[in-house]
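> Have a look at this one.
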Amino acid sequence: MIKRILLSIVLLLTLTYLVVAVTAFNRKPAGQVCRDVELVIKDTVYAGFITKKEVTAMLEKKGISPIGKNIDRIRSKTLEQVLAKHPLIDEVECYKTPSGKLCIEVTQRIPILRIMSANGDNYYLDNKGTVMPPDAKCVAHLAIATGNVEKSFAMRDLYKFGVFLQRNSFWDAQIEQIHVLPDKTVELVPRVGDHIIYLGKLDGFERKLKRVKMFYEKGLNRVGWNKYSRISVEFGNQIICTKRQ
């Protein structure tokens, strides 16, 4: 009985010590100031669009730079709201560490197409189908969509095609330009080979491009990549080639 009482007292004292120790460890010093800002880019594949220098400059311009300020007076939500207005930021989360550092986690908006239409529109389209301004300073290599590109067509049809290019390494590297004709049919300008790929309507573009790739492998690799000026896959189960004059 006495042993049980002594054991209970020891356990209670140990638990009390641990609680006090953890509390003391996590307690921030009075008047602690923010010493540094750490920027974390979640989508590391595209890291480089947003830089710590840009984020710092943006906060300084708005007069809300956290450096040197009392850590308790820094409003994380205010910082998030300001940074979310950056044209390349999709989501942002700010939080403080016990050591007096402010961490900013950023999810970037990923551009997939550059739109330069005949009516003068000039913008990027991101991987969620929303418009990004042309001054976003995207460093990624992107296909350019030209011609009769209405914004509704870009955000619906070209967006799907852009997502396909983003996920398909072969065609992403091959397609340089997407030209939209007045009847909403599409021509593709490749980087390799002096020819035009005529898709017709964008419906079923994956099947059409699959046929083109097969033709590349079994046809052009044998006869030469500059033999034809136009390769049409508008109609199903056939490829119509126009010889270069």
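Here, A, B, ... name the chains of the structure tokens in the order displayed, residue numbers run from 1 inside each chain, and ligands are numbered from 1 in the same displayed order.
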Please identify which residues in stretch 40-166 of chain A DSSP calls alpha helix (DSSP H) from the backbone, and express them as a list of chain:residue names.
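Checking each residue of stretch 40-166 of chain A, the alpha helix (DSSP H) ones are A:Lys52, A:Lys53, A:Glu54, A:Val55, A:Thr56, A:Ala57, A:Met58, A:Leu59, A:Glu60, A:Lys61, A:Ser76, A:Lys77, A:Thr78, A:Leu79, A:Glu80, A:Gln81, A:Val82, A:Leu83, A:Lys151, A:Ser152, A:Phe153, A:Tyr159, A:Lys160, A:Phe161, A:Gly162, A:Val163, A:Phe164, A:Leu165, A:Gln166.
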> Excluding same-chain residues fewer than 3 positions from A:Cys241, what lies within 9 Å of it counting only C-alpha atoms, as a ChimeraX atom specification?
/A:228-233
> Write out as a PyMOL selection string the residues lying within 9 Å of stretch 183-189 of chain A, counting only C-alpha atoms and excluding same-chain residues fewer than 2 positions away.
chain A and resi 148-149+153+174-181+191-192+194-202
> For those residues, write C-alpha atoms to a file as a short mmCIF file (atom, residue, chain, number, x, y, z; two decimals), in the first residue's frame.

data_model
loop_
_atom_site.label_atom_id
_atom_site.label_comp_id
_atom_site.auth_asym_id
_atom_site.auth_seq_id
_atom_site.Cartn_x
_atom_site.Cartn_y
_atom_site.Cartn_z
CA ASN A 148 -8.59 34.19 -83.02
CA VAL A 149 -8.41 33.36 -79.32
CA PHE A 153 -12.28 29.63 -75.70
CA GLN A 174 7.59 19.73 -79.29
CA ILE A 175 4.78 22.28 -79.54
CA GLU A 176 5.96 25.87 -79.89
CA GLN A 177 2.80 27.61 -81.09
CA ILE A 178 -0.95 26.97 -81.13
CA HIS A 179 -2.68 28.98 -83.85
CA VAL A 180 -6.46 29.32 -83.68
CA LEU A 181 -8.24 29.97 -86.99
CA ARG A 191 9.88 22.99 -82.78
CA VAL A 192 11.35 20.06 -84.70
CA ASP A 194 9.42 22.39 -90.85
CA HIS A 195 5.71 21.54 -91.05
CA ILE A 196 2.30 22.46 -89.64
CA ILE A 197 0.11 19.98 -87.73
CA TYR A 198 -3.55 20.61 -88.51
CA LEU A 199 -5.79 19.23 -85.74
CA GLY A 200 -9.09 20.66 -86.92
CA LYS A 201 -11.34 21.04 -83.90
CA LEU A 202 -9.69 20.39 -80.55
#
> So which residues touch stretch 90-101 of chain A within 8 Å, counting only C-alpha atoms, skipping near sequence neighbours fewer than 6 positions away, as a list in words?
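Contacts, with the query itself left out: Asn26, Arg27, Lys28, Gln32, Val33, Cys34, Arg35, Asp36, Val37, Glu38, Ile71, Ser76, Lys77, Leu79, Glu80, Leu83, Ala84, Thr107, Gln108 and Arg109 of chain A.
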> Limited to N, CA and C atoms, could you put the picked residues into a file as a PDB file, in the first residue's frame?

ATOM      1  N   ASN A  26       8.554  26.427 -24.405  1.00  0.00           N
ATOM      2  CA  ASN A  26       7.788  27.063 -25.473  1.00  0.00           C
ATOM      3  C   ASN A  26       7.465  28.532 -25.205  1.00  0.00           C
ATOM      4  N   ARG A  27       7.754  28.998 -24.015  1.00  0.00           N
ATOM      5  CA  ARG A  27       7.432  30.377 -23.673  1.00  0.00           C
ATOM      6  C   ARG A  27       8.367  31.324 -24.428  1.00  0.00           C
ATOM      7  N   LYS A  28       7.773  32.290 -25.110  1.00  0.00           N
ATOM      8  CA  LYS A  28       8.573  33.254 -25.857  1.00  0.00           C
ATOM      9  C   LYS A  28       9.072  34.355 -24.931  1.00  0.00           C
ATOM     10  N   GLN A  32      10.161  39.795 -27.703  1.00  0.00           N
ATOM     11  CA  GLN A  32      10.927  39.144 -28.763  1.00  0.00           C
ATOM     12  C   GLN A  32      10.578  39.745 -30.119  1.00  0.00           C
ATOM     13  N   VAL A  33      11.606  39.985 -30.940  1.00  0.00           N
ATOM     14  CA  VAL A  33      11.384  40.585 -32.252  1.00  0.00           C
ATOM     15  C   VAL A  33      11.644  39.563 -33.349  1.00  0.00           C
ATOM     16  N   CYS A  34      11.034  39.806 -34.508  1.00  0.00           N
ATOM     17  CA  CYS A  34      11.224  38.930 -35.674  1.00  0.00           C
ATOM     18  C   CYS A  34      12.611  39.181 -36.252  1.00  0.00           C
ATOM     19  N   ARG A  35      13.408  38.125 -36.322  1.00  0.00           N
ATOM     20  CA  ARG A  35      14.789  38.246 -36.794  1.00  0.00           C
ATOM     21  C   ARG A  35      14.954  37.912 -38.273  1.00  0.00           C
ATOM     22  N   ASP A  36      14.039  37.089 -38.807  1.00  0.00           N
ATOM     23  CA  ASP A  36      14.242  36.623 -40.176  1.00  0.00           C
ATOM     24  C   ASP A  36      12.919  36.153 -40.760  1.00  0.00           C
ATOM     25  N   VAL A  37      12.870  36.105 -42.094  1.00  0.00           N
ATOM     26  CA  VAL A  37      11.719  35.559 -42.810  1.00  0.00           C
ATOM     27  C   VAL A  37      12.205  34.365 -43.632  1.00  0.00           C
ATOM     28  N   GLU A  38      11.548  33.223 -43.444  1.00  0.00           N
ATOM     29  CA  GLU A  38      11.901  32.025 -44.206  1.00  0.00           C
ATOM     30  C   GLU A  38      10.806  31.754 -45.231  1.00  0.00           C
ATOM     31  N   ILE A  71       7.285  40.213 -32.230  1.00  0.00           N
ATOM     32  CA  ILE A  71       6.680  39.024 -32.831  1.00  0.00           C
ATOM     33  C   ILE A  71       5.195  38.908 -32.494  1.00  0.00           C
ATOM     34  N   SER A  76      -0.328  37.677 -38.914  1.00  0.00           N
ATOM     35  CA  SER A  76      -0.083  36.732 -40.011  1.00  0.00           C
ATOM     36  C   SER A  76      -1.142  36.830 -41.101  1.00  0.00           C
ATOM     37  N   LYS A  77      -2.401  37.007 -40.714  1.00  0.00           N
ATOM     38  CA  LYS A  77      -3.490  37.080 -41.692  1.00  0.00           C
ATOM     39  C   LYS A  77      -3.334  38.283 -42.618  1.00  0.00           C
ATOM     40  N   LEU A  79      -0.492  39.668 -43.502  1.00  0.00           N
ATOM     41  CA  LEU A  79       0.589  39.329 -44.430  1.00  0.00           C
ATOM     42  C   LEU A  79       0.082  38.394 -45.527  1.00  0.00           C
ATOM     43  N   GLU A  80      -0.723  37.422 -45.150  1.00  0.00           N
ATOM     44  CA  GLU A  80      -1.273  36.465 -46.121  1.00  0.00           C
ATOM     45  C   GLU A  80      -2.141  37.175 -47.158  1.00  0.00           C
ATOM     46  N   LEU A  83       0.165  39.200 -49.588  1.00  0.00           N
ATOM     47  CA  LEU A  83       0.957  38.356 -50.481  1.00  0.00           C
ATOM     48  C   LEU A  83       0.085  37.596 -51.468  1.00  0.00           C
ATOM     49  N   ALA A  84      -1.154  37.296 -51.101  1.00  0.00           N
ATOM     50  CA  ALA A  84      -2.064  36.564 -51.991  1.00  0.00           C
ATOM     51  C   ALA A  84      -2.391  37.367 -53.248  1.00  0.00           C
ATOM     52  N   THR A 107       2.265  28.481 -52.288  1.00  0.00           N
ATOM     53  CA  THR A 107       1.933  27.614 -53.410  1.00  0.00           C
ATOM     54  C   THR A 107       1.798  28.517 -54.624  1.00  0.00           C
ATOM     55  N   GLN A 108       2.622  28.276 -55.616  1.00  0.00           N
ATOM     56  CA  GLN A 108       2.662  29.161 -56.772  1.00  0.00           C
ATOM     57  C   GLN A 108       1.564  28.843 -57.787  1.00  0.00           C
ATOM     58  N   ARG A 109       1.176  29.872 -58.520  1.00  0.00           N
ATOM     59  CA  ARG A 109       0.319  29.659 -59.677  1.00  0.00           C
ATOM     60  C   ARG A 109       1.234  29.229 -60.821  1.00  0.00           C
TER      61      ARG A 109
END
> For a test of reading the model, state the distance in Å between atom CA of A:Lys218 and atom CA of A:Leu142, rounded to one decimal.
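For atom CA of A:Lys218 relative to atom CA of A:Leu142, the distance reads 27.6 Å.
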